[in-house]
Amino acid sequence: MRLAPMRLAIVGLNYAPEEIGIGAFTSGMARGLAAREFAVRAIVGKPYYPQWQVWEGFARPGWLAAREDGVEITRCPHYVPARPSGLKRIVHLASFAAGALAPALRLALGRKDQRPETVICVAPALLSVPVAWLLARLAGARLWIHVQDFEVEAAFATGLVDGYGRAARLARGVENRLLRLADRVTTISPQMCARLHDKGIAAEQVSEVRNWANAPAPDPAAGAAYRAEWGLGTRRVALYSGNIANKQGIEIVVAAARLLADRGDLHFVVCGEGPNRARLQALAAGLTNISFHDLQPAARMGELLSLAAIHLLPQIAGAADLVLPSKLANMLHSGRPVVATAEPGTGLHGEVEGCGLTTPPGDAAAFAAAIARLLDDPVLAEELGAAARERGHERWSQDAVLDRLAALLREEDTR
């Protein structure tokens with residue numbers, strides 16, 4: 001019988017106070033496991049996402065140490081490009097791995113009673129897997145890789161890196177080799193689990209640990225504050241909120257706004273930041289039915305979700321099984337229907353089917369038609385919204401996800 005808490009080390013680039021994307025879930029994982037009587041240490045980057053600029057208060061040189069919510073945290077220095085191209089992203093990820101090496105070695109070679117028994121490496125960034133592997137081997141621990149995003153395939157799908165030729169084959173080979181270093185691999189959807197099997201990871205080593213809804217319950221009256229602030233009146237809102245980057249294919253939102261410009265009852269709202277926002281705003285020049293706002297505070301997420309009549313979830317073709325967008329959990333949780341771009345058979349299509357409408361990626365006319373259909377058929381919109389809320393509770397409960405993760409860790413400990 002175990003007398004002391006299981007000791008965990010989490011190695012992951014993104015962490016709180018980042019409020020969207022992987023950082024929110026890595027920090028939620030660390031805090032949740034600490035609350036479940038695990039001894040958790042986190043080796044993470046300094047917050048920079050989605051602005052691609054180190055946040056104020058964290059820009060001091062060197063490593064920063066803190067204890068937050070029961071977690072011992074070391075924040076590592078790393079390079080953050082203002083305009084992240086393919087090569088700059090690789091340097092960015094590699095610099096985090098280099099920054100994480102020293103604290104990983106200190107932990108591995110330090111006091112025996114503080115060495116981790118399991119090391120969880122969150123991918124992205126796969127380039128930090130060798131550091132996590134070295135920490136695990138020196139400490140005599142298990143290596144666990146949690147895949148949030150197949151970053152190599154996503155880079156190919158978005159055009160950041162050429163997906164053909166010798167370099168692409170090398171990148172895929174390195175990815176597969178790094179994944180095979182793990183004693184266990186988890187990821188966030190059934191389709192991503194299947195992709196791990198395709199990459200040669202044995203079925204008994206793979207488990208699903210999905211992300212969760214992390215927004216407050218929506219309050220139908222709370223959206224009134226945003227309506228007043230942004231001058232929306234009584235118009236219904238088609239909302240996109242999140243990162244504005246390549247794999248989202250958010251240009252289709254602007255195209256749909258242009259196609260539906262004659263509808264006086266509809267306004268598109270895009271909340272977010274990222275490398276493509278300026279280009280997206282330039283594409284929307286002359287349109288009066290779309291507005292852009294910065295990413296909203298997490299404390300107001302319930303208000304923002306309440307503002308939407310329809311949630312928009314675009315993705316480019318080829319990306320729907322490489323990552324399951326974490327924002328989907330909050331969309332479903334809000335009880336509003338979703339319009340997503342996804343091909344039948346993909347993970348995203350399966351998650352949205354029955355609680356929203358899906359259209360082919362890149363087909364702006366179909367995307368606009370789906371939005372118009374939900375506006376013109378309130379009964380359908382209400383039915384899909386109710387189904388979304390129910391699915392959000394069934395599949396995306398934070399306590400259920402973290403309880404499952406804790407059980408998997410304890411099960412692994414008994415092997």
# chains A, B, ... in the order shown; residues from 1 in each chain; ligands from 1
call {"tool": "residues_around", "arguments": {"residues": "Phe38 in chain A", "least_positions_apart": "5", "cutoff": "12 Å", "atoms": "only C-alpha atoms", "output": "PDB file with N, CA and C atoms, in the first residue's frame"}}
result
ATOM      1  N   ARG A   2       0.581   2.190  -0.866  1.00  0.00           N
ATOM      2  CA  ARG A   2       1.371   3.417  -0.977  1.00  0.00           C
ATOM      3  C   ARG A   2       1.122   4.302   0.239  1.00  0.00           C
ATOM      4  N   LEU A   3       2.237   4.783   0.842  1.00  0.00           N
ATOM      5  CA  LEU A   3       2.133   5.622   2.027  1.00  0.00           C
ATOM      6  C   LEU A   3       2.354   7.099   1.724  1.00  0.00           C
ATOM      7  N   ALA A   4       2.977   7.397   0.591  1.00  0.00           N
ATOM      8  CA  ALA A   4       3.278   8.791   0.225  1.00  0.00           C
ATOM      9  C   ALA A   4       2.642   9.100  -1.118  1.00  0.00           C
ATOM     10  N   PRO A   5       2.367  10.390  -1.396  1.00  0.00           N
ATOM     11  CA  PRO A   5       1.781  10.754  -2.696  1.00  0.00           C
ATOM     12  C   PRO A   5       2.687  10.347  -3.853  1.00  0.00           C
ATOM     13  N   MET A   6       2.081   9.951  -4.969  1.00  0.00           N
ATOM     14  CA  MET A   6       2.858   9.676  -6.168  1.00  0.00           C
ATOM     15  C   MET A   6       3.495  10.969  -6.662  1.00  0.00           C
ATOM     16  N   ARG A   7       4.773  10.913  -7.006  1.00  0.00           N
ATOM     17  CA  ARG A   7       5.510  12.094  -7.445  1.00  0.00           C
ATOM     18  C   ARG A   7       5.494  12.183  -8.964  1.00  0.00           C
ATOM     19  N   LEU A   8       5.048  13.336  -9.467  1.00  0.00           N
ATOM     20  CA  LEU A   8       4.942  13.565 -10.906  1.00  0.00           C
ATOM     21  C   LEU A   8       5.758  14.782 -11.298  1.00  0.00           C
ATOM     22  N   ALA A   9       6.339  14.716 -12.489  1.00  0.00           N
ATOM     23  CA  ALA A   9       6.920  15.906 -13.114  1.00  0.00           C
ATOM     24  C   ALA A   9       6.215  16.105 -14.447  1.00  0.00           C
ATOM     25  N   ILE A  10       5.783  17.325 -14.705  1.00  0.00           N
ATOM     26  CA  ILE A  10       5.139  17.667 -15.973  1.00  0.00           C
ATOM     27  C   ILE A  10       6.068  18.609 -16.730  1.00  0.00           C
ATOM     28  N   MET A  29      -4.382  20.308 -15.507  1.00  0.00           N
ATOM     29  CA  MET A  29      -3.942  18.954 -15.180  1.00  0.00           C
ATOM     30  C   MET A  29      -3.079  18.951 -13.923  1.00  0.00           C
ATOM     31  N   ALA A  30      -2.109  19.868 -13.877  1.00  0.00           N
ATOM     32  CA  ALA A  30      -1.203  19.916 -12.729  1.00  0.00           C
ATOM     33  C   ALA A  30      -1.969  20.225 -11.446  1.00  0.00           C
ATOM     34  N   ARG A  31      -2.823  21.239 -11.488  1.00  0.00           N
ATOM     35  CA  ARG A  31      -3.589  21.611 -10.295  1.00  0.00           C
ATOM     36  C   ARG A  31      -4.541  20.501  -9.879  1.00  0.00           C
ATOM     37  N   GLY A  32      -5.203  19.899 -10.870  1.00  0.00           N
ATOM     38  CA  GLY A  32      -6.164  18.847 -10.563  1.00  0.00           C
ATOM     39  C   GLY A  32      -5.517  17.635  -9.938  1.00  0.00           C
ATOM     40  N   LEU A  33      -4.329  17.264 -10.435  1.00  0.00           N
ATOM     41  CA  LEU A  33      -3.635  16.116  -9.853  1.00  0.00           C
ATOM     42  C   LEU A  33      -3.092  16.450  -8.468  1.00  0.00           C
ATOM     43  N   GLY A  70      -0.611  24.338  -5.132  1.00  0.00           N
ATOM     44  CA  GLY A  70      -0.060  23.047  -4.753  1.00  0.00           C
ATOM     45  C   GLY A  70       0.965  22.485  -5.708  1.00  0.00           C
ATOM     46  N   VAL A  71       1.346  23.247  -6.748  1.00  0.00           N
ATOM     47  CA  VAL A  71       2.282  22.783  -7.768  1.00  0.00           C
ATOM     48  C   VAL A  71       3.583  23.576  -7.669  1.00  0.00           C
ATOM     49  N   GLU A  72       4.728  22.874  -7.655  1.00  0.00           N
ATOM     50  CA  GLU A  72       6.035  23.519  -7.708  1.00  0.00           C
ATOM     51  C   GLU A  72       6.361  23.788  -9.171  1.00  0.00           C
ATOM     52  N   PRO A 116      10.802  12.331  -9.547  1.00  0.00           N
ATOM     53  CA  PRO A 116       9.483  11.881 -10.016  1.00  0.00           C
ATOM     54  C   PRO A 116       9.441  10.381 -10.255  1.00  0.00           C
ATOM     55  N   GLU A 117       8.266   9.823 -10.079  1.00  0.00           N
ATOM     56  CA  GLU A 117       8.018   8.420 -10.429  1.00  0.00           C
ATOM     57  C   GLU A 117       7.418   8.310 -11.823  1.00  0.00           C
ATOM     58  N   THR A 118       6.750   9.373 -12.266  1.00  0.00           N
ATOM     59  CA  THR A 118       6.244   9.460 -13.639  1.00  0.00           C
ATOM     60  C   THR A 118       6.545  10.856 -14.158  1.00  0.00           C
ATOM     61  N   LEU A 402     -10.201  14.420 -15.120  1.00  0.00           N
ATOM     62  CA  LEU A 402      -9.069  14.357 -14.193  1.00  0.00           C
ATOM     63  C   LEU A 402      -9.129  13.113 -13.310  1.00  0.00           C
ATOM     64  N   LEU A 405      -7.674  10.446 -15.494  1.00  0.00           N
ATOM     65  CA  LEU A 405      -6.221  10.564 -15.590  1.00  0.00           C
ATOM     66  C   LEU A 405      -5.556  10.060 -14.313  1.00  0.00           C
ATOM     67  N   ALA A 406      -6.092  10.453 -13.150  1.00  0.00           N
ATOM     68  CA  ALA A 406      -5.525   9.997 -11.884  1.00  0.00           C
ATOM     69  C   ALA A 406      -5.593   8.475 -11.774  1.00  0.00           C
ATOM     70  N   ALA A 407      -6.703   7.889 -12.225  1.00  0.00           N
ATOM     71  CA  ALA A 407      -6.848   6.436 -12.177  1.00  0.00           C
ATOM     72  C   ALA A 407      -5.833   5.749 -13.088  1.00  0.00           C
ATOM     73  N   LEU A 409      -2.897   6.938 -13.964  1.00  0.00           N
ATOM     74  CA  LEU A 409      -1.579   7.056 -13.349  1.00  0.00           C
ATOM     75  C   LEU A 409      -1.397   6.038 -12.226  1.00  0.00           C
ATOM     76  N   ARG A 410      -2.401   5.858 -11.411  1.00  0.00           N
ATOM     77  CA  ARG A 410      -2.298   4.890 -10.317  1.00  0.00           C
ATOM     78  C   ARG A 410      -2.262   3.469 -10.847  1.00  0.00           C
TER      79      ARG A 410
END
call {"tool": "closest_atom_pairs", "arguments": {"of": "range 334-356 of chain A", "to": "range 185-195 of chain A", "cutoff": "10 Å", "atoms": "only C-alpha atoms", "output": "CSV"}}
result
residue,atom,partner,partner_atom,distance
A:Gly345,CA,A:Gln191,CA,9.2
A:Thr346,CA,A:Gln191,CA,7.2
A:Gly347,CA,A:Gln191,CA,5.5
A:Leu348,CA,A:Gln191,CA,9.0
A:Gly350,CA,A:Gln191,CA,9.6
A:Glu351,CA,A:Ser189,CA,9.4
call {"tool": "select_by_dssp", "arguments": {"residues": "range 19-245 of chain A", "states": "helix (DSSP H, G or I)", "output": "count of residues only"}}
result
97
call {"tool": "atom_distance", "arguments": {"atom1": "CA of Gly362 in chain A", "atom2": "CA of Leu259 in chain A"}}
result
13.9 Å
call {"tool": "residues_around", "arguments": {"residues": "Ala282 in chain A", "least_positions_apart": "3", "cutoff": "12 Å", "atoms": "only C-alpha atoms", "output": "mmCIF file with N, CA, C and O atoms, in the first residue's frame"}}
result
data_model
loop_
_atom_site.group_PDB
_atom_site.id
_atom_site.type_symbol
_atom_site.label_atom_id
_atom_site.label_comp_id
_atom_site.auth_asym_id
_atom_site.auth_seq_id
_atom_site.Cartn_x
_atom_site.Cartn_y
_atom_site.Cartn_z
ATOM 1 N N GLU A 251 -10.390 32.547 -42.459
ATOM 2 C CA GLU A 251 -10.796 33.357 -43.616
ATOM 3 C C GLU A 251 -12.222 33.042 -44.047
ATOM 4 O O GLU A 251 -12.924 33.906 -44.572
ATOM 5 N N VAL A 254 -14.817 35.446 -42.617
ATOM 6 C CA VAL A 254 -14.928 36.710 -43.351
ATOM 7 C C VAL A 254 -15.704 36.500 -44.644
ATOM 8 O O VAL A 254 -16.569 37.318 -45.008
ATOM 9 N N ASN A 276 -2.267 35.825 -37.596
ATOM 10 C CA ASN A 276 -3.041 36.111 -38.813
ATOM 11 C C ASN A 276 -4.131 37.161 -38.625
ATOM 12 O O ASN A 276 -4.903 37.417 -39.548
ATOM 13 N N ARG A 277 -4.193 37.772 -37.451
ATOM 14 C CA ARG A 277 -5.307 38.691 -37.214
ATOM 15 C C ARG A 277 -5.264 39.901 -38.142
ATOM 16 O O ARG A 277 -6.306 40.301 -38.697
ATOM 17 N N ALA A 278 -4.106 40.507 -38.328
ATOM 18 C CA ALA A 278 -4.019 41.696 -39.181
ATOM 19 C C ALA A 278 -4.456 41.377 -40.600
ATOM 20 O O ALA A 278 -5.187 42.163 -41.235
ATOM 21 N N ARG A 279 -4.045 40.228 -41.112
ATOM 22 C CA ARG A 279 -4.438 39.833 -42.471
ATOM 23 C C ARG A 279 -5.935 39.599 -42.549
ATOM 24 O O ARG A 279 -6.588 39.965 -43.536
ATOM 25 N N ALA A 285 -12.093 44.336 -44.789
ATOM 26 C CA ALA A 285 -12.226 45.774 -45.050
ATOM 27 C C ALA A 285 -13.511 46.058 -45.824
ATOM 28 O O ALA A 285 -13.821 45.391 -46.816
ATOM 29 N N GLY A 286 -14.283 47.045 -45.382
ATOM 30 C CA GLY A 286 -15.525 47.430 -46.047
ATOM 31 C C GLY A 286 -16.760 46.740 -45.522
ATOM 32 O O GLY A 286 -17.882 47.168 -45.821
ATOM 33 N N LEU A 287 -16.594 45.680 -44.738
ATOM 34 C CA LEU A 287 -17.748 44.973 -44.184
ATOM 35 C C LEU A 287 -18.182 45.627 -42.874
ATOM 36 O O LEU A 287 -17.344 45.915 -42.019
ATOM 37 N N ILE A 290 -19.151 42.632 -39.383
ATOM 38 C CA ILE A 290 -18.165 41.841 -38.662
ATOM 39 C C ILE A 290 -17.277 42.780 -37.862
ATOM 40 O O ILE A 290 -16.927 43.868 -38.327
ATOM 41 N N SER A 291 -16.942 42.373 -36.629
ATOM 42 C CA SER A 291 -16.066 43.185 -35.790
ATOM 43 C C SER A 291 -15.049 42.282 -35.111
ATOM 44 O O SER A 291 -15.296 41.091 -34.884
ATOM 45 N N PHE A 292 -13.897 42.867 -34.799
ATOM 46 C CA PHE A 292 -12.780 42.137 -34.201
ATOM 47 C C PHE A 292 -12.475 42.713 -32.831
ATOM 48 O O PHE A 292 -12.439 43.932 -32.653
#
call {"tool": "residues_around", "arguments": {"residues": "Arg142 in chain A", "least_positions_apart": "4", "cutoff": "10 Å", "atoms": "only C-alpha atoms", "output": "ChimeraX atom specification"}}
result
/A:8,116-120,132-133,135-137,182-184,412-413
call {"tool": "residues_around", "arguments": {"residues": "range 163-179 of chain A", "least_positions_apart": "5", "cutoff": "10 Å", "atoms": "only C-alpha atoms", "output": "list in words"}}
result
Ala123, Leu126, Leu127, Ser128, Val129, Pro130, Trp133, Trp144, Ile145, His146, Val147, Phe150, Glu151, Val152, Glu153, Ala154, Ala155, Phe156, Ala157, Thr158, Arg184, Val185, Leu196, Asp198, Lys199, Gly200 and Ile201 of chain A
call {"tool": "residues_around", "arguments": {"residues": "Ser95 in chain A", "least_positions_apart": "5", "cutoff": "12 Å", "atoms": "only C-alpha atoms", "output": "list in words"}}
result
Leu13, Val44, Gly45, Lys46, Cys76, Pro77, His78, Tyr79, Val80, Pro81, Lys88, Arg89, Ile90, Ala100, Leu101, Ala125, Leu127, Ser128 and Val131 of chain A
call {"tool": "residues_around", "arguments": {"residues": "Glu68 in chain A", "least_positions_apart": "4", "cutoff": "12 Å", "atoms": "only C-alpha atoms", "output": "MDAnalysis selection string"}}
result
chainID A and resid 15:17 27:28 30:32 34:35 40:42 72:74
call {"tool": "closest_residue", "arguments": {"among": "A:Asn243, A:Glu204, A:Ser334, A:Gln315", "to": "His393 in chain A", "atoms": "only C-alpha atoms"}}
result
A:Ser334
